[in-house]
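Peer 1: Take a look at this one; I'll ask things after.
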Amino acid sequence: MCGIAGLVGARPVHSATVAAMTELLAHRGPDDAGLWSSADGRCVLGHRRLSIIDPTPAGHQPMVSGAHVVTFNGEIYNYLELAERLKQEGEHFQTNCDTEVLLAAYRRWGEKCVAEFNGMFAFAIYDADRHVLFCARDRFGEKPFLFRASDEYFAFASEYKALLRIERVVDRIDEVRLARFLFHPSQGLDDGLNTVFPGVFQLPQAHTLTLDLQRLTWRIVRYWDAKPDASVAALSEAEAQLRFRDLLTDSVKLRLRSDVPQGSCLSGGLDSSAVVCIARQLLGDDTPYDTFTGRFPGTNADEGSWADEMVRAAHTQSHMTEPKPEGLLTEIADFAWHNELPTGSASQYAQWCVFRLAKQTGITVLLDGQGADELLGGYEQYFEPYLASLTPERRSNERAKIAERYPLGLATPRQRLSRSAAHTLAGAMNAGSDAAFGLAWPLAERMYRALPKPDETSGFHPLGAALHRDMLSATLPVLLRYGDRNSMAHSREVRLPFCDHRLAEFVFSLPPAFLMGGAETKRLLRGSLAGVLPEKIRTRWNKQGFVPPQVDWFRGSLGPTLRAVIEDRSFQDSTFWRGRWWRSVLERFEKGETALSSVLWRPFIEHAWRTHFVARIAREPVLPVFADAN
């Protein structure tokens, strides 16, 4: 797990700029730093290393092998199996690290090598033979690859801060994209190719980018997508559960490969508990294993008792942290700087605290249950596409079961006014709870037009299509960015067994009843881990992650800061916000409308982001691209 950066120019580039870019990424790789320059000076690659596999100096990057040079962030989990295949094809290895395997795979299989990797990765390979820079990003987008391209140069980095310091890379903000995120936080500020910073792009997940080193032209190609598999749909439910259990076990096994101490995040819910139980089975009871949990004692948000249940069952060494609003205020500048973009709620600060605790404890690698909800149908909103996937006869019976267990899961949407009428009425009456009502109408209108449309082309049944969308393009990519930034801020590596392409290819094609039948969220996981998970956790129906008691926080220490933000003259006179509406929302919250706490997070975090990230970047001196710059 590392930080990568690079520059390619039409003429020699400034190597000191790449060194400065990698220094901005030092938190991603505190163990080693490297810089490589091509003979003509037109390409410079930089690297910051967090040593995980073969932590000896042999794993130094950028790594050179003949005509190929790589700077690589991430892990190729199946590198041992690939090494054996490559040895049979004549390759020889000097190290025990996955970076050398990656280079050998590219040398043997070319751009098709990415299809062989099971891992999380972002990398760039300088290929002197083909005169290209070959770049790739993993299937789910766990590791970031941001870039800037012009007629004169191509620059890339693991984080925005390294690119926003470069000459001619402006820090203008796409206000419509920002508004869309604040209105609907599950939609990213950098989903797809475009980002909130015009001119700075993100290589989409499951894509490669090939840059012609002479012309500085580039092409992007998708190399993977989950497709329906008819043979999977023919399995019995018992067969499906057995195969899923085998796949998940192997996914955990691959992600336990490490030459440094490892453990797990543990919330006490089904997903992280499943990972911990399987890890314990694979490692045996004699191997030490550490778990890390966020707690909020004395509140409804506290998950400590469930985590304790798992700690007793799996015999782990438990570590607890208690995130507090005073801590968020103290750390808000660092939190905003490292996250780089606004976050959806205070739960991302709780995640931040868990990774910080792991660092303090000396555990470098953490497995986590992220991705299971999107893969397996863990949210109540998936019941609607589930029902749409059934025959009319079965639909009626299932609807009754869902209504009994999840009374709000099938709430019928109210007929709404037109968006413009609702927006006008909310402003006139200072009413409503939709965050979009707090935006200036011209901006809100543009934001509504920019909302992404449902993808009807996946080929899966309605439930499979919803899971496919949320895992590969909508919800999960945002959560993966949070996990990457919060873990790397503390130089920790987070690994996600549910983000294994073999699982996605298998699960999306299963009959919908195997996934959510009988009003069971994540039915496949519950059934496949019977006898593995503690029964109390396996049959738990209400679940929340590291979710702070945001209501209490805004009623307490965060309240004065929030009021100061909303009452500030610049906020009230903003062309982005409707200041008067937000003032009324704050007053309604203070009078007892506690559900508004999630809405009030939007101006709080947007202000913190503009203050501690955007403004900070704007104060920094510009880094020149070319060696001949004055």
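Each chain in the structure tokens gets a letter, A, B, ..., in the order shown, and its residues are numbered from 1; ligands are numbered from 1 in order too.
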Near Pro512 (chain A), within 12 Å and counting only C-alpha atoms, which residues show up once chain neighbours fewer than 3 positions away are dropped, as number ranges by chain?
Peer 2: A: 232-233, 237, 240, 376-377, 382-391, 394-395, 398, 460-467, 507-509, 515-524
Peer 1: Write out, as a PDB file, in the first residue's frame, the residues just selected, with C-alpha atoms.
Peer 2:
```pdb
ATOM      1  CA  VAL A 232     -25.107 -20.029 -11.613  1.00  0.00           C
ATOM      2  CA  ALA A 233     -28.856 -19.442 -11.807  1.00  0.00           C
ATOM      3  CA  GLU A 237     -29.925 -22.774  -2.751  1.00  0.00           C
ATOM      4  CA  ALA A 240     -25.195 -21.727  -3.906  1.00  0.00           C
ATOM      5  CA  LEU A 376     -25.584  -9.203  -0.953  1.00  0.00           C
ATOM      6  CA  GLY A 377     -28.619  -6.970  -0.451  1.00  0.00           C
ATOM      7  CA  TYR A 382     -33.293  -3.417  -2.031  1.00  0.00           C
ATOM      8  CA  PHE A 383     -36.633  -5.022  -1.160  1.00  0.00           C
ATOM      9  CA  GLU A 384     -38.384  -3.043  -3.921  1.00  0.00           C
ATOM     10  CA  PRO A 385     -36.154  -4.370  -6.758  1.00  0.00           C
ATOM     11  CA  TYR A 386     -36.289  -7.779  -5.071  1.00  0.00           C
ATOM     12  CA  LEU A 387     -40.087  -7.817  -5.319  1.00  0.00           C
ATOM     13  CA  ALA A 388     -39.878  -6.578  -8.905  1.00  0.00           C
ATOM     14  CA  SER A 389     -37.764  -9.658  -9.680  1.00  0.00           C
ATOM     15  CA  LEU A 390     -40.474 -12.117  -8.540  1.00  0.00           C
ATOM     16  CA  THR A 391     -43.525 -13.596 -10.172  1.00  0.00           C
ATOM     17  CA  ARG A 394     -44.752 -14.990  -4.993  1.00  0.00           C
ATOM     18  CA  ARG A 395     -44.572 -11.205  -4.757  1.00  0.00           C
ATOM     19  CA  GLU A 398     -43.033 -11.947   0.188  1.00  0.00           C
ATOM     20  CA  PHE A 460     -29.457  -8.972 -14.525  1.00  0.00           C
ATOM     21  CA  HIS A 461     -32.874  -9.304 -12.895  1.00  0.00           C
ATOM     22  CA  PRO A 462     -34.000  -6.069 -11.121  1.00  0.00           C
ATOM     23  CA  LEU A 463     -32.374  -6.985  -7.803  1.00  0.00           C
ATOM     24  CA  GLY A 464     -29.120  -8.056  -9.466  1.00  0.00           C
ATOM     25  CA  ALA A 465     -29.141  -4.846 -11.507  1.00  0.00           C
ATOM     26  CA  ALA A 466     -29.574  -2.723  -8.368  1.00  0.00           C
ATOM     27  CA  LEU A 467     -26.695  -4.514  -6.635  1.00  0.00           C
ATOM     28  CA  VAL A 507     -23.794 -13.432  -6.621  1.00  0.00           C
ATOM     29  CA  PHE A 508     -25.423 -11.101  -9.150  1.00  0.00           C
ATOM     30  CA  SER A 509     -26.561 -14.077 -11.251  1.00  0.00           C
ATOM     31  CA  LEU A 515     -30.377 -13.186  -1.745  1.00  0.00           C
ATOM     32  CA  MET A 516     -33.395 -11.666   0.022  1.00  0.00           C
ATOM     33  CA  GLY A 517     -36.092 -14.348   0.206  1.00  0.00           C
ATOM     34  CA  GLY A 518     -38.204 -14.647   3.337  1.00  0.00           C
ATOM     35  CA  ALA A 519     -37.566 -10.982   4.221  1.00  0.00           C
ATOM     36  CA  GLU A 520     -33.914 -11.765   4.975  1.00  0.00           C
ATOM     37  CA  THR A 521     -31.332  -9.146   4.090  1.00  0.00           C
ATOM     38  CA  LYS A 522     -28.093 -10.886   3.070  1.00  0.00           C
ATOM     39  CA  ARG A 523     -29.839 -14.260   3.137  1.00  0.00           C
ATOM     40  CA  LEU A 524     -26.964 -15.871   1.219  1.00  0.00           C
TER      41      LEU A 524
END
```
Peer 1: Which residues, written as a list in words, have at least one atom at most 12 Å from Arg215 (chain A), with only C-alpha atoms counted and residues fewer than 3 positions away on the same chain left out?
Peer 2: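 Residues meeting the cut-off are Val8, Gly9, Ala10, Arg11, His131, Val132, Leu133, Ala149, Ser150, Asp151, Glu152, Tyr153, Phe154, Thr210, Leu211, Asp212, Trp218 and Arg219 of chain A.
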Peer 1: State, in Å with one decimal place, the distance from CA of Glu175 (chain A) to CA of Phe571 (chain A).
Peer 2: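 Here the two named atoms are 15.0 Å from each other.
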Peer 1: Can you tell me which residues surround Trp609 (chain A) at a distance of at most 10 Å, considering only C-alpha atoms, apart from same-chain residues fewer than 2 positions away, and format the answer as a ChimeraX atom specification?
Peer 2: /A:332-333,335-337,339-343,603-607,611-616
Peer 1: DSSP says strand (DSSP E or B) for which residues of region 284-434 of chain A? Put them as a list of chain:residue names?
Peer 2: A:Asp290, A:Thr291, A:Phe292, A:Thr293, A:Gly294, A:Gln317, A:Ser318, A:His319, A:Met320, A:Thr321, A:Val365, A:Leu366, A:Leu367
Peer 1: Keeping N, CA, C and O atoms for every residue in the selection just given, could you write it to a file as a compact mmCIF listing (two decimals), in the first residue's frame?
Peer 2:
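Writing done, so here's part05.txt:
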```txt
# COMPACT_ATOMS: atom_id res chain seq x y z
N ASP A 290 -6.01 -9.28 16.19
CA ASP A 290 -6.52 -8.08 16.85
C ASP A 290 -7.74 -7.53 16.12
O ASP A 290 -7.79 -7.53 14.88
N THR A 291 -8.72 -7.05 16.88
CA THR A 291 -9.90 -6.42 16.31
C THR A 291 -10.05 -5.02 16.87
O THR A 291 -9.68 -4.74 18.02
N PHE A 292 -10.64 -4.13 16.05
CA PHE A 292 -10.75 -2.72 16.40
C PHE A 292 -12.18 -2.25 16.20
O PHE A 292 -12.77 -2.44 15.13
N THR A 293 -12.74 -1.63 17.25
CA THR A 293 -14.16 -1.28 17.28
C THR A 293 -14.34 0.16 17.75
O THR A 293 -13.66 0.61 18.68
N GLY A 294 -15.25 0.86 17.10
CA GLY A 294 -15.67 2.18 17.57
C GLY A 294 -16.88 2.06 18.46
O GLY A 294 -17.85 1.38 18.10
N GLN A 317 -7.92 -10.30 20.28
CA GLN A 317 -7.47 -9.25 21.18
C GLN A 317 -8.22 -7.98 20.80
O GLN A 317 -8.03 -7.43 19.73
N SER A 318 -9.11 -7.53 21.67
CA SER A 318 -10.01 -6.44 21.33
C SER A 318 -9.43 -5.09 21.71
O SER A 318 -8.84 -4.92 22.78
N HIS A 319 -9.64 -4.11 20.80
CA HIS A 319 -9.22 -2.72 21.06
C HIS A 319 -10.42 -1.83 20.74
O HIS A 319 -11.03 -1.95 19.68
N MET A 320 -10.76 -0.95 21.66
CA MET A 320 -11.93 -0.08 21.51
C MET A 320 -11.50 1.39 21.47
O MET A 320 -10.59 1.80 22.19
N THR A 321 -12.18 2.17 20.67
CA THR A 321 -12.00 3.61 20.66
C THR A 321 -13.36 4.27 20.79
O THR A 321 -14.37 3.71 20.34
N VAL A 365 -2.13 -3.97 8.82
CA VAL A 365 -3.12 -4.45 7.85
C VAL A 365 -4.41 -4.80 8.57
O VAL A 365 -4.41 -5.51 9.58
N LEU A 366 -5.53 -4.30 8.04
CA LEU A 366 -6.84 -4.57 8.63
C LEU A 366 -7.80 -5.07 7.57
O LEU A 366 -7.96 -4.45 6.51
N LEU A 367 -8.44 -6.23 7.84
CA LEU A 367 -9.52 -6.69 7.00
C LEU A 367 -10.82 -6.03 7.45
O LEU A 367 -10.98 -5.72 8.64
```
Peer 1: What are the closest atom pairs, with distances in Å to one decimal, for all residues of region 146-204 of chain A lying within 12 Å of region 47-71 of chain A? Consider only C-alpha atoms, order rows by chain and residue number, and present the result as CSV.
Peer 2:
```
residue,atom,partner,partner_atom,distance
A:Phe156,CA,A:Thr71,CA,11.0
A:Ala157,CA,A:His47,CA,9.6
A:Ser158,CA,A:His47,CA,10.0
```
Peer 1: Given the choices A:Val275, A:Phe197, A:Asp32, A:Thr575, which gets closest to Lys253 (chain A) if the distance is worked out from only C-alpha atoms?
Peer 2: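 Smallest separation from Lys253 (chain A) among the options: A:Val275.
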Peer 1: Considering only C-alpha atoms, can you say which of A:Tyr482, A:Trp582, A:Trp553, A:Phe140 comes closest to Trp224 (chain A)?
Peer 2: A:Phe140
Peer 1: Nearest to Ser258 (chain A): which of A:Arg588, A:Arg538, A:Lys143, A:Arg495 is it, counting only C-alpha atoms?
Peer 2: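 Of A:Arg588, A:Arg538, A:Lys143, A:Arg495, the one nearest Ser258 (chain A) is A:Arg495, counting only C-alpha atoms.
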Peer 1: Please provide as a list of chain:residue names all residues within 7 Å of Leu443 (chain A), with the sequence filter that same-chain residues fewer than 4 positions apart are discarded (counting only C-alpha atoms).
Peer 2: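 The filter keeps A:Val176, A:Leu439, A:Met447, A:Phe576.
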Peer 1: Choose the residue, out of A:Asn486, A:Thr364, A:Gln381, A:Ser584, that has the smallest atom-to-atom separation from Asp31 (chain A); count only C-alpha atoms.
Peer 2: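 Residue with the minimum atom-to-atom distance to Asp31 (chain A): A:Thr364.
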Peer 1: When distances are computed from only C-alpha atoms, which of A:Gly459, A:Gly263, A:Pro442, A:Pro477 shows the smallest separation from Asp191 (chain A)?
Peer 2: A:Pro477
Peer 1: For the alpha helix (DSSP H) assignment from backbone DSSP, which residues of region 132-375 of chain A qualify? Please present them as a count of residues only.
Peer 2: 95
Peer 1: Env of Thr299 (chain A): 12 Å cut, atoms = only C-alpha atoms, seq-sep filter 6 positions within chain, self excluded. Answer as a list of chain:residue names.
Peer 2: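 Non-adjacent residues within range: A:Glu322, A:Val547, A:Pro548, A:Pro549, A:Gln550, A:Val551, A:Asp552, A:Trp553.
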Peer 1: Would you save the residues from that selection as a compact mmCIF listing (two decimals), in the first residue's frame, using N, CA, C and O atoms?
Peer 2:
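And here is the file that came out, part17.txt:
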```txt
# COMPACT_ATOMS: atom_id res chain seq x y z
N GLU A 322 -13.41 5.42 21.41
CA GLU A 322 -14.66 6.15 21.63
C GLU A 322 -14.56 7.52 20.97
O GLU A 322 -14.17 8.51 21.60
N VAL A 547 -21.42 4.36 13.42
CA VAL A 547 -22.28 5.53 13.25
C VAL A 547 -22.33 6.32 14.55
O VAL A 547 -22.95 5.88 15.53
N PRO A 548 -21.69 7.48 14.63
CA PRO A 548 -21.74 8.28 15.85
C PRO A 548 -23.15 8.79 16.13
O PRO A 548 -23.98 8.89 15.21
N PRO A 549 -23.44 9.12 17.37
CA PRO A 549 -24.73 9.74 17.71
C PRO A 549 -24.73 11.20 17.26
O PRO A 549 -24.55 12.13 18.05
N GLN A 550 -24.92 11.41 15.95
CA GLN A 550 -24.77 12.73 15.36
C GLN A 550 -25.71 13.76 15.97
O GLN A 550 -25.37 14.93 16.10
N VAL A 551 -26.90 13.30 16.36
CA VAL A 551 -27.86 14.21 17.02
C VAL A 551 -27.25 14.78 18.29
O VAL A 551 -27.27 16.00 18.52
N ASP A 552 -26.69 13.89 19.13
CA ASP A 552 -26.08 14.34 20.38
C ASP A 552 -24.89 15.25 20.11
O ASP A 552 -24.66 16.22 20.85
N TRP A 553 -24.14 14.94 19.07
CA TRP A 553 -22.97 15.75 18.77
C TRP A 553 -23.36 17.18 18.38
O TRP A 553 -22.72 18.14 18.81
```
